[in-house]
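**Student:** Sharing run-v1.cif here; it has mmCIF, C-alpha atoms and all ligand atoms.
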```
data_data
loop_
_atom_site.label_atom_id
_atom_site.label_comp_id
_atom_site.auth_asym_id
_atom_site.auth_seq_id
_atom_site.Cartn_x
_atom_site.Cartn_y
_atom_site.Cartn_z
CA MET A 59 49.95 37.47 98.91
CA THR A 60 51.48 38.58 102.24
CA GLU A 61 55.06 37.65 102.73
CA VAL A 62 55.59 35.10 105.49
CA ARG A 63 58.66 35.76 107.61
CA GLY A 64 59.49 32.65 109.50
CA ASN A 65 62.54 30.87 110.69
CA ASN A 66 63.95 27.53 109.64
CA LEU A 67 61.91 25.60 112.14
CA ASP A 68 58.58 27.38 111.96
CA PRO A 69 57.47 29.32 108.86
CA TRP A 70 54.67 30.98 110.91
CA TYR A 71 57.04 32.27 113.59
CA SER A 72 56.23 35.96 113.01
CA HIS A 73 52.48 35.37 112.95
CA TYR A 74 51.87 34.30 116.52
CA ALA A 75 50.00 36.62 118.86
CA GLN A 76 52.28 38.45 121.28
CA ARG A 77 50.74 36.69 124.27
CA THR A 78 52.22 33.37 123.11
CA ALA A 79 55.63 34.64 124.21
CA GLY A 80 54.66 33.47 127.70
CA LEU A 81 53.98 29.95 126.41
CA SER A 82 57.46 28.50 126.44
CA ALA A 83 58.02 24.81 127.05
CA SER A 84 59.80 24.16 130.29
CA GLU A 85 63.54 23.63 129.87
CA VAL A 86 63.33 20.44 131.84
CA ARG A 87 60.59 18.91 129.72
CA ALA A 88 63.00 16.91 127.54
CA LEU A 89 64.64 15.48 130.63
CA PHE A 90 61.27 14.43 131.98
CA ALA A 91 60.72 12.36 128.85
CA VAL A 92 63.82 10.41 129.86
CA ALA A 93 62.69 10.39 133.48
CA SER A 94 59.51 8.53 132.57
CA ARG A 95 61.55 5.41 131.74
CA PRO A 96 60.72 2.64 134.23
CA GLU A 97 64.25 2.38 135.67
CA VAL A 98 64.10 6.03 136.77
CA VAL A 99 62.45 6.80 140.11
CA SER A 100 60.48 9.90 139.31
CA LEU A 101 59.81 12.19 142.23
CA ALA A 102 59.04 14.87 139.67
CA GLY A 103 55.42 14.58 138.56
CA GLY A 104 52.26 15.30 140.52
CA MET A 105 50.24 12.35 139.25
CA PRO A 106 47.61 11.03 141.65
CA TYR A 107 47.85 7.30 142.37
CA VAL A 108 44.67 6.33 140.53
CA SER A 109 45.37 2.62 141.02
CA ALA A 110 44.04 3.09 144.57
CA LEU A 111 40.61 3.71 143.04
CA PRO A 112 38.69 0.44 142.50
CA GLU A 113 38.02 0.08 138.77
CA GLU A 114 34.55 -1.35 139.28
CA LEU A 115 33.39 1.82 141.06
CA VAL A 116 34.22 3.89 138.01
CA ALA A 117 33.12 1.26 135.50
CA GLY A 118 29.72 0.97 137.18
CA ALA A 119 29.28 4.75 137.21
CA ALA A 120 30.30 4.97 133.54
CA GLU A 121 27.87 2.24 132.55
CA ARG A 122 24.97 3.86 134.39
CA ALA A 123 25.89 7.21 132.86
CA VAL A 124 25.28 5.72 129.44
CA ARG A 125 22.45 3.25 130.13
CA LYS A 126 20.41 5.34 132.58
CA HIS A 127 21.26 8.87 131.54
CA GLY A 128 22.44 8.48 127.92
CA PRO A 129 20.33 11.30 126.44
CA VAL A 130 21.87 13.76 128.94
CA ALA A 131 25.36 12.25 129.25
CA LEU A 132 25.94 12.07 125.50
CA GLN A 133 24.42 15.46 124.68
CA TYR A 134 25.74 19.05 124.88
CA GLY A 135 24.95 20.53 128.26
CA SER A 136 24.80 23.84 130.07
CA GLY A 137 27.83 26.11 130.07
CA GLN A 138 27.53 26.24 133.86
CA GLY A 139 27.54 22.46 134.38
CA THR A 140 24.72 20.05 135.18
CA PRO A 141 22.43 21.11 138.05
CA ARG A 142 22.79 17.66 139.64
CA LEU A 143 26.58 17.78 139.84
CA ARG A 144 26.56 21.39 141.04
CA GLU A 145 24.30 20.32 143.94
CA GLN A 146 26.64 17.44 144.78
CA ILE A 147 29.69 19.73 144.66
CA LEU A 148 28.05 21.67 147.53
CA GLU A 149 28.26 18.50 149.66
CA VAL A 150 31.96 18.06 148.83
CA MET A 151 32.74 21.69 149.67
CA ALA A 152 30.72 21.53 152.91
CA LEU A 153 33.52 19.27 154.21
CA GLU A 154 35.76 22.35 154.10
CA GLY A 155 33.25 24.72 155.63
CA ILE A 156 31.99 26.28 152.41
CA ARG A 157 28.35 27.22 152.21
CA ALA A 158 27.17 28.22 148.75
CA SER A 159 24.23 27.69 146.41
CA ALA A 160 24.40 25.50 143.30
CA ASP A 161 23.87 28.70 141.36
CA ASP A 162 27.28 30.00 142.51
CA VAL A 163 29.11 26.99 141.03
CA VAL A 164 30.54 26.79 137.49
CA VAL A 165 31.82 23.39 136.37
CA THR A 166 35.03 23.58 134.36
CA THR A 167 37.37 21.24 132.49
CA GLY A 168 39.58 20.69 135.53
CA SER A 169 40.51 23.56 137.81
CA GLN A 170 43.25 24.33 135.30
CA HIS A 171 40.56 25.59 132.95
CA ALA A 172 39.06 27.70 135.71
CA LEU A 173 42.50 29.35 136.08
CA GLU A 174 42.48 30.06 132.37
CA LEU A 175 38.93 31.49 132.44
CA MET A 176 39.69 33.70 135.45
CA SER A 177 42.78 35.00 133.69
CA LYS A 178 40.79 35.70 130.55
CA LEU A 179 38.23 37.67 132.57
CA PHE A 180 40.64 39.71 134.67
CA LEU A 181 44.09 40.03 133.14
CA ASP A 182 45.20 42.67 130.66
CA PRO A 183 48.80 42.88 129.47
CA GLY A 184 50.97 44.39 132.21
CA ASP A 185 48.57 43.56 135.06
CA VAL A 186 50.06 41.90 138.11
CA VAL A 187 49.07 38.67 139.85
CA ILE A 188 50.53 38.25 143.32
CA ALA A 189 51.37 34.61 143.99
CA GLU A 190 53.20 32.72 146.69
CA GLY A 191 56.90 32.25 145.97
CA PRO A 192 57.17 29.42 144.97
CA SER A 193 53.81 28.66 143.32
CA TYR A 194 52.07 26.13 141.05
CA VAL A 195 53.97 26.10 137.78
CA THR A 196 51.05 25.84 135.36
CA ALA A 197 49.18 28.69 137.03
CA LEU A 198 52.25 30.85 136.41
CA THR A 199 52.18 29.74 132.77
CA VAL A 200 48.52 30.72 132.42
CA PHE A 201 49.02 34.15 134.00
CA ARG A 202 51.98 34.83 131.74
CA SER A 203 50.09 33.64 128.68
CA PHE A 204 47.76 36.60 129.29
CA GLN A 205 50.83 38.86 129.43
CA ALA A 206 50.40 39.47 133.13
CA GLU A 207 53.36 39.68 135.45
CA VAL A 208 53.65 37.44 138.48
CA ALA A 209 54.95 39.09 141.65
CA HIS A 210 55.96 36.52 144.23
CA THR A 211 55.36 37.11 147.88
CA ALA A 212 57.44 35.33 150.52
CA MET A 213 56.40 32.19 152.38
CA ASP A 214 57.57 30.38 155.46
CA GLU A 215 56.59 27.02 156.87
CA HIS A 216 53.06 28.41 157.49
CA GLY A 217 52.49 29.61 153.96
CA MET A 218 52.17 33.19 152.75
CA VAL A 219 53.65 35.69 155.21
CA PRO A 220 51.13 38.50 155.84
CA GLN A 221 53.73 41.24 156.42
CA ALA A 222 55.57 40.24 153.24
CA LEU A 223 52.24 40.47 151.39
CA ARG A 224 51.66 43.99 152.75
CA ASP A 225 55.17 44.98 151.60
CA THR A 226 54.68 43.43 148.16
CA ILE A 227 51.41 45.31 147.67
CA ALA A 228 52.94 48.59 148.86
CA ARG A 229 55.91 48.20 146.50
CA LEU A 230 53.70 47.40 143.52
CA ARG A 231 51.40 50.34 144.32
CA GLU A 232 54.38 52.66 144.53
CA GLU A 233 55.44 51.45 141.10
CA GLY A 234 51.95 52.28 139.87
CA ARG A 235 51.16 48.67 138.96
CA SER A 236 47.65 47.34 138.58
CA ILE A 237 47.22 44.33 140.89
CA LYS A 238 44.35 42.16 139.71
CA LEU A 239 44.53 38.89 141.63
CA LEU A 240 46.03 37.33 144.72
CA TYR A 241 46.56 33.67 143.85
CA THR A 242 46.98 31.30 146.78
CA ILE A 243 46.98 27.57 147.52
CA PRO A 244 46.38 27.68 151.29
CA SER A 245 46.31 23.93 152.05
CA PHE A 246 49.24 21.55 151.33
CA GLN A 247 50.60 24.05 148.86
CA ASN A 248 52.06 23.05 145.52
CA PRO A 249 55.08 22.96 145.58
CA MET A 250 56.01 23.54 149.26
CA GLY A 251 53.47 21.27 150.94
CA VAL A 252 52.82 23.86 153.68
CA THR A 253 49.45 24.98 155.07
CA MET A 254 48.25 28.41 156.16
CA PRO A 255 46.84 28.44 159.70
CA TRP A 256 43.38 29.91 160.30
CA GLU A 257 44.65 33.24 161.71
CA ARG A 258 46.82 33.79 158.66
CA ARG A 259 43.93 33.04 156.33
CA MET A 260 41.91 35.72 158.14
CA GLU A 261 44.79 38.17 157.98
CA VAL A 262 45.51 37.59 154.30
CA LEU A 263 41.81 38.07 153.51
CA GLU A 264 41.80 41.27 155.54
CA ILE A 265 44.80 42.60 153.61
CA ALA A 266 43.15 41.71 150.29
CA ARG A 267 39.92 43.40 151.39
CA GLU A 268 41.71 46.58 152.53
CA ASN A 269 43.50 46.78 149.20
CA GLY A 270 40.59 45.83 146.95
CA ILE A 271 42.32 42.73 145.56
CA LEU A 272 40.33 39.68 144.47
CA VAL A 273 41.57 36.41 146.03
CA LEU A 274 41.83 33.33 143.83
CA GLU A 275 41.85 30.38 146.24
CA ASP A 276 43.01 27.15 144.58
CA ASN A 277 42.30 24.10 146.71
CA PRO A 278 42.94 20.76 145.01
CA TYR A 279 44.51 19.04 148.04
CA GLY A 280 42.50 20.23 151.08
CA LEU A 281 40.67 16.91 151.58
CA LEU A 282 43.89 14.88 151.34
CA TYR A 283 45.07 15.46 154.92
CA PHE A 284 46.97 12.82 156.85
CA ASP A 285 45.94 13.37 160.45
CA GLN A 286 43.98 16.53 161.04
CA ALA A 287 41.86 18.44 158.56
CA PRO A 288 43.44 21.77 157.54
CA PRO A 289 41.69 24.99 158.57
CA GLN A 290 38.51 25.68 156.64
CA ALA A 291 38.72 27.19 153.18
CA MET A 292 39.17 30.95 152.83
CA ARG A 293 35.91 31.03 150.89
CA SER A 294 34.16 29.90 154.11
CA ILE A 295 35.15 33.24 155.67
CA GLU A 296 34.68 35.61 152.75
CA GLU A 297 32.28 35.37 149.80
CA ALA A 298 32.40 38.67 147.97
CA GLY A 299 36.18 38.86 147.60
CA VAL A 300 37.08 35.23 146.88
CA VAL A 301 36.83 33.03 143.82
CA TYR A 302 37.31 29.43 144.96
CA LEU A 303 38.59 26.60 142.74
CA GLY A 304 37.99 22.91 143.42
CA THR A 305 38.58 19.72 141.45
CA PHE A 306 37.83 16.00 141.32
CA SER A 307 41.35 15.34 140.02
CA LYS A 308 42.90 14.37 143.35
CA THR A 309 39.90 12.94 145.21
CA LEU A 310 38.65 10.87 142.25
CA ALA A 311 40.57 10.89 138.96
CA PRO A 312 42.32 13.59 136.91
CA GLY A 313 41.47 11.86 133.62
CA LEU A 314 37.85 12.91 134.03
CA ARG A 315 38.94 16.55 133.77
CA VAL A 316 36.23 18.00 135.99
CA GLY A 317 36.80 20.89 138.35
CA TRP A 318 34.79 23.93 139.40
CA ALA A 319 34.79 27.55 140.41
CA VAL A 320 32.61 29.22 143.05
CA ALA A 321 32.33 32.91 142.43
CA PRO A 322 30.30 35.96 143.46
CA HIS A 323 27.24 36.37 141.23
CA ALA A 324 28.55 38.89 138.66
CA ILE A 325 31.84 37.05 138.16
CA ARG A 326 29.99 33.75 137.94
CA GLU A 327 27.87 35.07 135.04
CA LYS A 328 30.98 36.08 133.14
CA LEU A 329 32.66 32.75 133.91
CA VAL A 330 29.71 30.91 132.35
CA LEU A 331 29.93 33.04 129.20
CA ALA A 332 33.69 32.51 128.97
CA ASN A 333 33.22 28.77 129.56
CA GLU A 334 30.67 28.60 126.72
CA ALA A 335 32.97 30.54 124.42
CA ALA A 336 35.80 28.11 125.18
CA VAL A 337 34.14 24.67 125.31
CA LEU A 338 30.35 25.21 124.82
CA SER A 339 29.77 23.02 127.84
CA PRO A 340 32.04 20.98 130.09
CA SER A 341 31.88 17.22 129.34
CA SER A 342 28.32 16.01 130.04
CA PHE A 343 29.59 12.44 130.13
CA ALA A 344 32.27 13.07 132.76
CA GLN A 345 29.84 15.10 134.88
CA THR A 346 27.16 12.37 134.73
CA LEU A 347 29.72 9.70 135.57
CA ILE A 348 30.86 11.68 138.61
CA SER A 349 27.26 12.28 139.70
CA GLU A 350 26.59 8.55 139.53
CA TYR A 351 29.81 7.82 141.44
CA LEU A 352 28.98 10.35 144.17
CA SER A 353 25.43 9.10 144.56
CA THR A 354 26.27 5.38 144.74
CA ALA A 355 29.88 4.89 145.93
CA ASP A 356 31.30 5.56 149.38
CA TRP A 357 33.26 8.56 148.11
CA ARG A 358 34.21 9.76 151.57
CA GLY A 359 35.63 6.29 152.30
CA GLN A 360 37.54 6.42 149.01
CA ILE A 361 39.10 9.75 150.04
CA ASP A 362 40.14 8.03 153.30
CA THR A 363 41.80 5.30 151.23
CA PHE A 364 43.74 7.92 149.24
CA ARG A 365 44.78 9.61 152.48
CA GLY A 366 46.17 6.32 153.79
CA VAL A 367 48.13 5.70 150.58
CA TYR A 368 49.65 9.18 150.52
CA ARG A 369 50.36 9.21 154.26
CA GLU A 370 52.41 6.02 153.91
CA ARG A 371 54.34 7.53 150.98
CA ARG A 372 54.93 10.81 152.81
CA ASP A 373 56.31 8.84 155.75
CA ALA A 374 58.56 6.82 153.42
CA MET A 375 59.95 10.03 151.95
CA LEU A 376 60.50 11.81 155.26
CA GLY A 377 62.13 8.70 156.75
CA ALA A 378 64.49 8.35 153.79
CA LEU A 379 65.39 12.05 153.86
CA ALA A 380 66.23 11.80 157.57
CA GLU A 381 68.34 8.71 156.88
CA HIS A 382 70.21 9.78 153.75
CA LEU A 383 70.25 13.60 153.78
CA PRO A 384 70.11 14.41 157.49
CA GLY A 385 71.87 17.78 157.29
CA LEU A 386 69.50 19.31 154.77
CA SER A 387 66.16 21.00 155.47
CA TRP A 388 62.76 20.15 154.06
CA THR A 389 59.11 20.83 154.73
CA VAL A 390 56.91 18.32 156.54
CA PRO A 391 53.55 18.26 154.73
CA ALA A 392 50.46 17.32 156.73
CA GLY A 393 48.64 16.41 153.50
CA GLY A 394 48.82 16.63 149.71
CA PHE A 395 51.61 15.40 147.46
CA TYR A 396 54.81 17.42 147.96
CA VAL A 397 57.96 18.00 150.01
CA TRP A 398 60.19 21.02 149.35
CA LEU A 399 63.88 20.32 149.86
CA ARG A 400 66.59 22.97 150.27
CA LEU A 401 70.07 22.14 148.98
CA PRO A 402 73.37 22.99 150.69
CA ALA A 403 74.81 26.40 149.74
CA GLY A 404 76.45 26.45 146.32
CA LEU A 405 74.40 23.65 144.76
CA ASP A 406 72.00 24.35 141.91
CA ALA A 407 69.01 22.00 141.58
CA LYS A 408 68.49 22.78 137.91
CA ALA A 409 72.12 22.25 136.92
CA MET A 410 72.17 19.04 138.93
CA LEU A 411 69.10 17.49 137.28
CA PRO A 412 70.83 15.87 134.24
CA ARG A 413 73.23 14.16 136.66
CA ALA A 414 70.36 13.00 138.82
CA VAL A 415 68.56 11.53 135.82
CA LYS A 416 71.78 9.74 134.91
CA GLU A 417 71.69 8.28 138.43
CA LEU A 418 68.07 7.25 137.73
CA VAL A 419 66.22 9.68 139.94
CA ALA A 420 64.22 12.75 138.89
CA TYR A 421 62.74 15.76 140.72
CA THR A 422 61.44 19.17 139.74
CA PRO A 423 63.96 21.99 140.23
CA GLY A 424 62.73 24.91 142.32
CA THR A 425 63.16 27.33 139.42
CA ALA A 426 60.07 25.83 137.75
CA PHE A 427 57.92 27.39 140.48
CA TYR A 428 59.20 30.95 140.25
CA ALA A 429 58.43 33.44 137.49
CA ASP A 430 61.56 35.43 138.34
CA GLY A 431 64.37 32.85 138.23
CA GLY A 432 64.32 32.15 141.97
CA GLY A 433 64.42 28.68 143.51
CA ARG A 434 67.80 27.41 142.28
CA ASP A 435 68.70 26.13 145.72
CA ALA A 436 65.55 24.03 146.12
CA MET A 437 63.56 21.22 144.56
CA ARG A 438 60.07 19.74 144.76
CA LEU A 439 59.87 16.06 145.63
CA SER A 440 56.52 14.37 144.93
CA PHE A 441 55.58 11.32 146.97
CA CYS A 442 52.17 10.74 145.38
CA TYR A 443 52.96 8.24 142.65
CA PRO A 444 55.88 5.85 143.35
CA GLU A 445 55.49 2.94 145.77
CA PRO A 446 57.16 3.55 149.18
CA ASP A 447 60.17 1.32 148.36
CA PHE A 448 60.82 3.26 145.18
CA ILE A 449 60.57 6.51 147.09
CA ARG A 450 63.22 5.29 149.56
CA GLU A 451 65.45 4.14 146.71
CA GLY A 452 64.92 7.46 144.91
CA ILE A 453 66.02 9.45 147.95
CA ARG A 454 69.05 7.18 148.40
CA ARG A 455 70.08 7.89 144.79
CA LEU A 456 69.41 11.60 145.27
CA ALA A 457 71.70 11.64 148.32
CA ASN A 458 74.48 10.12 146.16
CA VAL A 459 73.98 12.81 143.55
CA VAL A 460 74.06 15.57 146.18
CA SER A 461 77.26 14.31 147.77
CA GLY A 462 78.85 13.87 144.30
CA GLU A 463 77.97 17.49 143.55
CA LEU A 464 79.50 18.64 146.82
CA THR A 465 82.75 16.86 145.99
CA LEU A 466 82.80 18.50 142.57
CA LEU A 467 82.07 21.90 144.05
CA GLY A 468 84.92 21.45 146.52
CA GLU A 469 87.32 20.66 143.66
CA PHE A 470 86.22 23.67 141.64
CA THR A 471 86.33 26.09 144.52
CA LYS A 472 89.61 24.56 145.76
CA THR A 473 88.26 24.29 149.26
CA GLY A 474 88.93 20.57 149.26
CA PRO A 475 86.14 18.02 149.23
CA LEU A 476 82.90 19.27 150.75
CA THR A 477 80.60 16.90 152.56
CA LEU A 478 76.96 16.89 153.44
CA PRO A 479 76.21 19.23 156.32
CA ALA A 480 75.87 17.65 159.75
CA PRO A 481 72.32 17.06 160.95
CA ALA A 482 70.74 19.84 162.93
CA PRO A 483 70.32 19.00 166.61
CA ASP A 484 66.55 18.82 166.34
CA GLY A 485 66.50 16.92 163.03
CA VAL A 486 64.30 18.52 160.41
CA LEU A 487 64.71 22.24 159.95
CA PRO A 488 61.90 24.44 158.78
CA PRO A 489 62.86 26.12 155.52
CA SER A 490 63.33 29.85 155.35
CA ILE A 491 62.21 30.68 151.86
CA GLY A 492 62.65 34.26 150.79
C1 LIG B 1 47.62 23.85 142.71
C2 LIG B 1 47.00 23.20 141.53
N1 LIG B 1 46.00 23.83 140.89
C3 LIG B 1 45.41 23.29 139.83
C4 LIG B 1 45.80 22.06 139.34
C5 LIG B 1 45.12 21.51 138.12
O1 LIG B 1 44.24 20.51 138.45
P1 LIG B 1 43.10 19.98 137.52
O2 LIG B 1 43.43 18.57 137.22
O3 LIG B 1 41.84 20.13 138.30
O4 LIG B 1 43.06 20.82 136.28
C6 LIG B 1 46.83 21.36 139.97
C7 LIG B 1 47.29 20.07 139.45
O5 LIG B 1 48.26 19.50 139.87
C8 LIG B 1 47.44 21.95 141.11
O6 LIG B 1 48.43 21.35 141.78
#
```
Once you've parsed the file, please lay out its structure as structure tokens.

**Tutor:**
Amino acid sequence: MTEVRGNNLDPWYSHYAQRTAGLSASEVRALFAVASRPEVVSLAGGMPYVSALPEELVAGAAERAVRKHGPVALQYGSGQGTPRLREQILEVMALEGIRASADDVVVTTGSQHALELMSKLFLDPGDVVIAEGPSYVTALTVFRSFQAEVAHTAMDEHGMVPQALRDTIARLREEGRSIKLLYTIPSFQNPMGVTMPWERRMEVLEIARENGILVLEDNPYGLLYFDQAPPQAMRSIEEAGVVYLGTFSKTLAPGLRVGWAVAPHAIREKLVLANEAAVLSPSSFAQTLISEYLSTADWRGQIDTFRGVYRERRDAMLGALAEHLPGLSWTVPAGGFYVWLRLPAGLDAKAMLPRAVKELVAYTPGTAFYADGGGRDAMRLSFCYPEPDFIREGIRRLANVVSGELTLLGEFTKTGPLTLPAPAPDGVLPPSIG
């Protein structure tokens, strides 16, 4: 029998595949368990406010899925997704300017699974994915779990900076690296909340085209705008060089776990094979339920309702930040779920988190969104889930924590007590994220 070399905690320690090295639990996970206690205002998670979705709409769709379509809804299905839902997804995407055929769509178990399938298809150990810095934490985890390296490219308040992207590509090329994907969240980005204007989308696509890099456009929030729709999706401009990811998680409910990818023909065929290898077929029941919902409910009106809920919460957060932390800078999202807050020099969002949780407020430290240790001076604040009054109270508590930290820092550095910076003359500053 082969000898098993383990450690005290896990006898199978030496048996794991090398790629699992990238699968480490986040250091702040334990704290988040505490942060889910009801007395803590959590501005940390990205949970949609599903209570704004009338139960009877979903219950009716679920009942019809079973009673009317039971033999399909309760059976295995196609690895590409049901033809009916793929047709309906075309209507959803048309709202963002995307024209495609149902044949180009692959239904997945949330867009998270599409990220996993794309990584499986394209990433070998040592390959590079270029991603915005900061970027969606669980995409970074997926890329790393395929032993790829994430190279961040700089953003400003209008998203990815084209010249920085050119420089990043040139540097990686000089180092002889193989760049496989350019991962971007162009609308209401997670975690910064910023949106790429139309001209930048065109420019970024042009750079990707010139350099032969496939763009992975992840768009869970595009329909959740507060006033004006964001520019149309990048996939509406370019078909051959873009794989587009969509999801019902934010416009309907994440518990259904249904998302999709739209890909050029050859990639789409491979995605279907990879999907079958992973799950045989995405949930027939969830797909049928969604098809029933889309064909009977006022789903556009429901998206409007969600927009109203999130707009009110965004306003509550921005108002409280202006009141309690007026000297700091933050992004002003025009949609989605997130604000990105920069801390005064010398403060460390990750080190501060245990103290914040003690003061009954939680956030996600900026470091979670960087593969390279960046982001210590920033945090992501989510306004999607707590009621507006809780958001205001959360920001008030956060301001106490920040000023407590400044006092401490002043004592340690012997500069005397430090105070919150004075407000900038024009109020909110755009962040300059490097
Ligand atoms: C940018 C981004 N991509 C993908 C996902 C995953 O979404 P889904 O529920 O469709 O798997 C999320 C979820 O928060 C997200 O923010």

**Student:** Taking all atoms listed in the file and a cut-off of 8 Å, can you tell me which residues surround ligand LIG 1 (chain B), written as a ChimeraX atom specification?

**Tutor:** /A:104-105,167-173,193-194,196-197,243,247-249,276-279,304-308,312-313,315-317

**Student:** Smallest atom-to-atom distance to Arg371 (chain A): which of A:Val163, A:Leu281, A:Leu101, A:Val208, using all atoms listed in the file?

**Tutor:**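 Going through A:Val163, A:Leu281, A:Leu101, A:Val208 one by one, the smallest distance to Arg371 (chain A) is for A:Leu101.
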
**Student:** Would you mind listing what lies within 12 Å of Ser94 (chain A) as JSON, numbers by chain, with only C-alpha atoms counted and same-chain residues fewer than 5 positions away left out?

**Tutor:** {"A": [87, 88, 89, 99, 100, 101, 102, 103, 415, 418, 419, 420, 421, 444]}

**Student:** Store the residues of this selection in a file with C-alpha atoms, as a PDB file, in the frame of the given file.

**Tutor:**
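Saved result, again.pdb, follows:
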```
ATOM      1  CA  ARG A  87      60.590  18.910 129.720  1.00  0.00           C
ATOM      2  CA  ALA A  88      63.000  16.910 127.540  1.00  0.00           C
ATOM      3  CA  LEU A  89      64.640  15.480 130.630  1.00  0.00           C
ATOM      4  CA  VAL A  99      62.450   6.800 140.110  1.00  0.00           C
ATOM      5  CA  SER A 100      60.480   9.900 139.310  1.00  0.00           C
ATOM      6  CA  LEU A 101      59.810  12.190 142.230  1.00  0.00           C
ATOM      7  CA  ALA A 102      59.040  14.870 139.670  1.00  0.00           C
ATOM      8  CA  GLY A 103      55.420  14.580 138.560  1.00  0.00           C
ATOM      9  CA  VAL A 415      68.560  11.530 135.820  1.00  0.00           C
ATOM     10  CA  LEU A 418      68.070   7.250 137.730  1.00  0.00           C
ATOM     11  CA  VAL A 419      66.220   9.680 139.940  1.00  0.00           C
ATOM     12  CA  ALA A 420      64.220  12.750 138.890  1.00  0.00           C
ATOM     13  CA  TYR A 421      62.740  15.760 140.720  1.00  0.00           C
ATOM     14  CA  PRO A 444      55.880   5.850 143.350  1.00  0.00           C
TER      15      PRO A 444
END
```

**Student:** Compile the contact shell of Leu153 (chain A) as number ranges by chain: residues with an atom at most 12 Å away, counting all atoms listed in the file, same-chain residues fewer than 5 positions apart removed.

**Tutor:** A: 146-148, 280-282, 287-291, 294, 358, 361

**Student:** Just C-alpha atoms for this one: save the residues we selected as an mmCIF file, in the frame of the given file.

**Tutor:**
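For reference, part-v9.cif as written:
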```cif
data_model
loop_
_atom_site.group_PDB
_atom_site.id
_atom_site.type_symbol
_atom_site.label_atom_id
_atom_site.label_comp_id
_atom_site.auth_asym_id
_atom_site.auth_seq_id
_atom_site.Cartn_x
_atom_site.Cartn_y
_atom_site.Cartn_z
ATOM 1 C CA GLN A 146 26.640 17.440 144.780
ATOM 2 C CA ILE A 147 29.690 19.730 144.660
ATOM 3 C CA LEU A 148 28.050 21.670 147.530
ATOM 4 C CA GLY A 280 42.500 20.230 151.080
ATOM 5 C CA LEU A 281 40.670 16.910 151.580
ATOM 6 C CA LEU A 282 43.890 14.880 151.340
ATOM 7 C CA ALA A 287 41.860 18.440 158.560
ATOM 8 C CA PRO A 288 43.440 21.770 157.540
ATOM 9 C CA PRO A 289 41.690 24.990 158.570
ATOM 10 C CA GLN A 290 38.510 25.680 156.640
ATOM 11 C CA ALA A 291 38.720 27.190 153.180
ATOM 12 C CA SER A 294 34.160 29.900 154.110
ATOM 13 C CA ARG A 358 34.210 9.760 151.570
ATOM 14 C CA ILE A 361 39.100 9.750 150.040
#
```

**Student:** Could you check which of A:Pro141, A:Asn269, A:Leu386, A:Leu399 is closest to Gly433 (chain A), using only C-alpha atoms?

**Tutor:**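 Counting only C-alpha atoms, the residue closest to Gly433 (chain A) is A:Leu399.
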
**Student:** Please determine, counting only C-alpha atoms, which residue among A:Pro340, A:Leu347, A:Thr309, A:Arg235 has the shortest atom-to-atom distance to Phe364 (chain A).

**Tutor:**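 That would be A:Thr309, the residue with the smallest distance to Phe364 (chain A).
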
**Student:** Excluding Ala332 (chain A) and its own-chain neighbours fewer than 3 positions away, which residues fall within 10 Å of it when counting all atoms listed in the file? Please give them as a list in words.

**Tutor:**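 My list of contacting residues is Gly137, Ala172, Glu174, Leu175, Met176, Lys178, Leu179, Arg326, Glu327, Lys328, Leu329, Ala335, Ala336, Val337 and Leu338 of chain A.
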
**Student:** Go ahead and save the picked residues with C-alpha atoms, as a PDB file, in the coordinates of the input.

**Tutor:**
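Once written, part-v4.pdb looks like this:
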```pdb
ATOM      1  CA  GLY A 137      27.830  26.110 130.070  1.00  0.00           C
ATOM      2  CA  ALA A 172      39.060  27.700 135.710  1.00  0.00           C
ATOM      3  CA  GLU A 174      42.480  30.060 132.370  1.00  0.00           C
ATOM      4  CA  LEU A 175      38.930  31.490 132.440  1.00  0.00           C
ATOM      5  CA  MET A 176      39.690  33.700 135.450  1.00  0.00           C
ATOM      6  CA  LYS A 178      40.790  35.700 130.550  1.00  0.00           C
ATOM      7  CA  LEU A 179      38.230  37.670 132.570  1.00  0.00           C
ATOM      8  CA  ARG A 326      29.990  33.750 137.940  1.00  0.00           C
ATOM      9  CA  GLU A 327      27.870  35.070 135.040  1.00  0.00           C
ATOM     10  CA  LYS A 328      30.980  36.080 133.140  1.00  0.00           C
ATOM     11  CA  LEU A 329      32.660  32.750 133.910  1.00  0.00           C
ATOM     12  CA  ALA A 335      32.970  30.540 124.420  1.00  0.00           C
ATOM     13  CA  ALA A 336      35.800  28.110 125.180  1.00  0.00           C
ATOM     14  CA  VAL A 337      34.140  24.670 125.310  1.00  0.00           C
ATOM     15  CA  LEU A 338      30.350  25.210 124.820  1.00  0.00           C
TER      16      LEU A 338
END
```
